[in-house]
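Take a look at the structure below.
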Amino acid sequence: MLVSIKWLKDYIDTQGLAPADLGEKITRSGIEVDAVIDRSHGMTNVVVGYVESCIKHPEADKLSICQVNVGEETTQIICGAPNIAAGQKVIVARPGANLPGGMKIKKAKLRGEESNGMICSLQELGIEGKLVPKAYAEGIYVLPEDAEVGSDVIANFNLDDTVLELGLTPNRADAMSMLGVAYEVGAILSEDVKLPESSYTEAADSAESMLTLNVDAPEANPLYVAKVIRNIEVKESPMWLQQRLMAAGVRPHNNVVDVTNYVLMEYGQPLHAFDYDSLKTGNITVRQAKEGEKITTLDDTERTLSAHNLVITNGEEPVALAGVMGGANSEVSDSTTTIVIESAYFASGSIRQTSKDHGLRSDASSRYEKGVDPNRVIPAAERAASLIAELAGGEVLAGSLVFDQLDREEKIVKVSPDFINTRLGMKIPFEDMMEILGRLKFNTDAINGQLVISVPTRRQDIQIEEDVVEEIARLYGYDEIPATLPVTEAAPGGLTPYQEKRRIVRKVLEGAGLLQATTYSLTSEKSATQFALTETETTKLLMPMSEERSTLRQSLLPHLLESVSYNTARRMDSVALYETGAVFLKADDELLNEEEHLAIAMTGLWLDHSWQGEKKEVDFFVLKGIVEGLANRLGVELAFERGQMDGLHPGRTAFIMLNGNRIGVIGQLHPTEQKARDLKNTVVMELNLSALLEVQLDALVYTPVPRYPSISRDVALVLSKIVEAGTIEAVIRNAGGKLLKDVRVFDLYEGDKMEEGKKSVAFSLTYFDPEKTLTDEEVTNAHEKVLSALTEVGAELRS
């Protein structure tokens, strides 16, 4: 919103504040002033001149030699504007004048002819080309006949003005008008607002004798006002009106259109003028558009309408897109003699949808979208009628055509002073609150300890108690709010148990020599489900950046293996990476579940002690040892069951079990998968980290250092190759009783000395009693029970 200070002073006393100081006060009250713009741009020595004669330059077809009276003298100026002519009053920059952009005017010779200054266009005075009236867009500006020759253009042209550029937030629609800004400044400076006056003499004939009105969409258009003005003369607007519009960022057109735009900027109420004769039917009907109906708008664009677009029609065809833009078939032109002025209240949602449908945003639509003041619809129409009668010599027909089903009651908001002070953390006296609300022109009563506020309809952003708190805070002064610390019970910060365990995971894995990797959550549809622990429907993006990043992953391993391949391709033979991150699984209710997973991928050497001639490649048991070490550090007991998964070696894959539930998988990549990724032997693991870390553990119990020795017994067993060592270990633990404290596999033999289909597995058993020293007899009895149980499951003692 651009606010001319000179225009603003018509409605409010600014107390002689400098524009920059006024802008600072507005900013501190909650509306940011983005810029303070001096319209004169530091110009000097620019005066009104009268072109006494104008002849073609003998040496240049596009130049004219002009004799210009500048008050003190008549001087020769060479001008290249195509619209220069004798008898015009023009803007002249005399020698020594300063113009915007650092231009300084000097005497010069153009094609042998002396030029003592420059006849200026509006652009050369620093006015944007898009704001210059079309008649003068390609040439100089011609001043009115009553302009005084030799007088200062800056004063006569209202360039001795400053414009404040307001950066409005969407809730402050009230400040999208000069009156709205006047109310804001009045609240800041404790000044009253002077409203503009509307007065005109009505004709004997009534508006209803020339026009009929029907509103068929009352929900979208609950209030519509139409006034008829006849015998007007469409012409150029007076300079004061043009200059105010240009200062507000609006291009002047003619006196009728300019008045509607002027009232729009003044009241914040959009208006539209129809050429009465172009309506043809003498009727205005407001309705929803018919599907596929067409209209050509004022920008000469044909638009196809939808059924939810609101249109103004002549009873037969659309003549305007309601609240957005008029139609070319009812445009006011130089030949127009009778007009219909429209002032209406349109539902913001309807206008927003129409504007969005057609990619068309105007000054009118931007205000309707945010909501206009329902109590300014009729006054704005009266103000426009008054100005058109004055500036276009029109007769305003008696009365108006009005359709009115609009609730214009003021909203009541109740709030207690304690609520305000509690929210602000301070103690504003009750009297100060009442004084601030009075400055805002909010009618307020104190009833039973509460402020009962009648909010003017111009402030539709005030809806709830917190809105009132904000108003009082910003006008009391944000700088007055004390800087205090909240009074609460101090509680030391700390990590949650889950966060602590996650840090343990990182320390254990990095302590084991693994490096952390971070990969994309998005992958291709093919890779999304590879190695997934749970099979669900994939989730694709509506607008992916590429096919390779189109689907949310269900496993960390595909991208982690890509990282391993990337590194090995760059001559890093041994790579050990881990990643913790989210995978995304679709639930039955179509919502996404995020699970935090841990994945590990390793290839190459695990040990490389070259000085001892010792090397060891990573394998299933190396990775299994890392996982078991992590589980042990977390105090969790995991089990491993033989399993199969696509992409993993069928004989070197196991599922990771926690309390009987499958939470992960561990294994070696299938040879074909390794070849496809150009990898050597590679082992991988992925598990549900959330399930692992959310296990509730018993409190740690201190166990004293043993005072008595333990006794170990080794046993070598011949088993079928299909029997798992874990199964045998479970048998041993169940049979060993309370004296058996530990069981450990320490040897596996499958050489040529073993029978076909057999293997030898050796276990070390540790017996211990914390209360006494065990005797050989006690150990032997316990060990015999173990051996007996092993015999029952088909295990043979190896001799």
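Just so we're on the same page: first chain in the structure tokens is A, next is B, and so on; residues restart at 1 for each chain, and ligands are numbered from 1 in the order they show up.
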
### Message
Quick one: residues within 6 Å of region 142-151 of chain A, only C-alpha atoms, excluding same-chain residues fewer than 6 positions away - as a PyMOL selection string?
### Response
chain A and resi 47-49+70-71+89-90

### Task
Looking only at helix (DSSP H, G or I) from DSSP on the backbone, list the matching residues of region 474-702 of chain A as a ChimeraX atom specification.
/A:474-476,478-480,497-511,525-528,547-549,557-568,610-612,620-634,671-676,689-693

### Task
Please return as a ChimeraX atom specification: the residues of region 69-130 of chain A that backbone DSSP assigns to strand (DSSP E or B).
/A:69,74-79,89-99,103-104,108-110,113-115,118-119

### Task
Identify which of the residues A:Gln269, A:Ala328, A:Leu122, A:Val163 lies closest to Gln242 (chain A), counting only C-alpha atoms when measuring atom-to-atom distances.
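Checking each candidate against Gln242 (chain A), we get A:Leu122 as the closest.
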
### Message
Set the distance at 8 Å and use only C-alpha atoms: which residues neighbour Gly449 (chain A) once local chain neighbours fewer than 2 positions away are removed? I'd like the list as a PyMOL selection string.
### Response
chain A and resi 416-417+446-447+451

### Query
Contacts of region 763-769 of chain A at 8 Å or less, counting only C-alpha atoms, minus same-chain residues fewer than 2 places along, as a count of residues only?
24

### Task
For region 422-434 of chain A, list every protein, DNA or RNA residue within 12 Å, evaluated using only C-alpha atoms, and leave out those in the same chain fewer than 3 positions away; present the list as a PyMOL selection string.
chain A and resi 415-419+437-446+449-453+465-478+480-487

### Contacts of Leu401 (chain A) at 12 Å (only C-alpha atoms; same-chain gap of 6+ positions) as an MDAnalysis selection string
chainID A and resid 206:215 223:228 283:285 340:344 378 381

Suppose we keep N, CA and C atoms; can you now write the selection as a short mmCIF file (atom, residue, chain, number, x, y, z; two decimals), in the first residue's frame?
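The file below, result.cif, is the result:
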data_model
loop_
_atom_site.label_atom_id
_atom_site.label_comp_id
_atom_site.auth_asym_id
_atom_site.auth_seq_id
_atom_site.Cartn_x
_atom_site.Cartn_y
_atom_site.Cartn_z
N SER A 206 -35.83 9.17 -11.22
CA SER A 206 -35.23 8.20 -10.30
C SER A 206 -34.40 7.17 -11.06
N ALA A 207 -33.46 6.58 -10.36
CA ALA A 207 -32.62 5.53 -10.95
C ALA A 207 -33.47 4.34 -11.37
N GLU A 208 -34.53 4.07 -10.62
CA GLU A 208 -35.37 2.92 -10.93
C GLU A 208 -36.14 3.08 -12.23
N SER A 209 -36.25 4.32 -12.72
CA SER A 209 -36.95 4.53 -13.98
C SER A 209 -36.10 4.13 -15.17
N MET A 210 -34.79 3.97 -14.96
CA MET A 210 -33.89 3.62 -16.06
C MET A 210 -33.24 2.25 -15.92
N LEU A 211 -33.30 1.67 -14.71
CA LEU A 211 -32.54 0.44 -14.46
C LEU A 211 -33.30 -0.49 -13.54
N THR A 212 -33.18 -1.80 -13.80
CA THR A 212 -33.71 -2.81 -12.88
C THR A 212 -32.56 -3.65 -12.37
N LEU A 213 -32.73 -4.23 -11.18
CA LEU A 213 -31.66 -4.99 -10.51
C LEU A 213 -32.20 -6.31 -10.01
N ASN A 214 -31.48 -7.41 -10.31
CA ASN A 214 -31.81 -8.74 -9.79
C ASN A 214 -30.52 -9.38 -9.27
N VAL A 215 -30.60 -9.97 -8.10
CA VAL A 215 -29.46 -10.70 -7.55
C VAL A 215 -29.90 -12.14 -7.33
N LEU A 223 -25.02 -7.86 -0.81
CA LEU A 223 -25.32 -6.43 -0.90
C LEU A 223 -24.85 -5.89 -2.24
N TYR A 224 -25.76 -5.25 -2.96
CA TYR A 224 -25.42 -4.65 -4.26
C TYR A 224 -26.12 -3.31 -4.36
N VAL A 225 -25.34 -2.28 -4.70
CA VAL A 225 -25.87 -0.92 -4.84
C VAL A 225 -25.53 -0.42 -6.23
N ALA A 226 -26.52 0.16 -6.92
CA ALA A 226 -26.28 0.72 -8.25
C ALA A 226 -26.85 2.14 -8.30
N LYS A 227 -26.06 3.06 -8.82
CA LYS A 227 -26.50 4.45 -9.01
C LYS A 227 -26.35 4.80 -10.49
N VAL A 228 -27.28 5.60 -11.00
CA VAL A 228 -27.27 5.99 -12.41
C VAL A 228 -26.93 7.48 -12.50
N ASN A 283 -30.88 -3.49 -17.56
CA ASN A 283 -31.02 -4.44 -16.45
C ASN A 283 -29.63 -4.89 -15.98
N ILE A 284 -29.51 -5.09 -14.69
CA ILE A 284 -28.31 -5.73 -14.12
C ILE A 284 -28.77 -6.94 -13.33
N THR A 285 -28.21 -8.08 -13.66
CA THR A 285 -28.50 -9.32 -12.95
C THR A 285 -27.19 -9.94 -12.48
N VAL A 340 -23.57 3.59 -15.04
CA VAL A 340 -24.09 2.93 -13.84
C VAL A 340 -22.91 2.67 -12.92
N ILE A 341 -22.98 3.19 -11.70
CA ILE A 341 -21.92 2.96 -10.71
C ILE A 341 -22.30 1.77 -9.85
N GLU A 342 -21.43 0.77 -9.81
CA GLU A 342 -21.65 -0.43 -8.99
C GLU A 342 -20.80 -0.35 -7.73
N SER A 343 -21.43 -0.59 -6.58
CA SER A 343 -20.72 -0.77 -5.32
C SER A 343 -21.36 -1.97 -4.64
N ALA A 344 -20.55 -2.98 -4.30
CA ALA A 344 -21.13 -4.23 -3.82
C ALA A 344 -20.24 -4.89 -2.78
N ILE A 378 -22.20 1.53 0.76
CA ILE A 378 -23.11 2.60 0.35
C ILE A 378 -22.42 3.97 0.38
N ALA A 381 -20.35 4.50 -2.73
CA ALA A 381 -21.15 4.80 -3.92
C ALA A 381 -21.57 6.27 -3.93
#

#### Entry: Distance query His597 (chain A) at most 12 Å, only C-alpha atoms, self and fewer than 5 positions along chain excluded, as a ChimeraX atom specification
/A:502,505,532-534,553-557,578-585,663-665,685-693

### Message
With distances taken over only C-alpha atoms, which residue among A:Asp479, A:Asp152, A:Asp357, A:Asp275 lies nearest His308 (chain A)?
### Response
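Once distances to His308 (chain A) are computed over only C-alpha atoms, the minimum belongs to A:Asp357.
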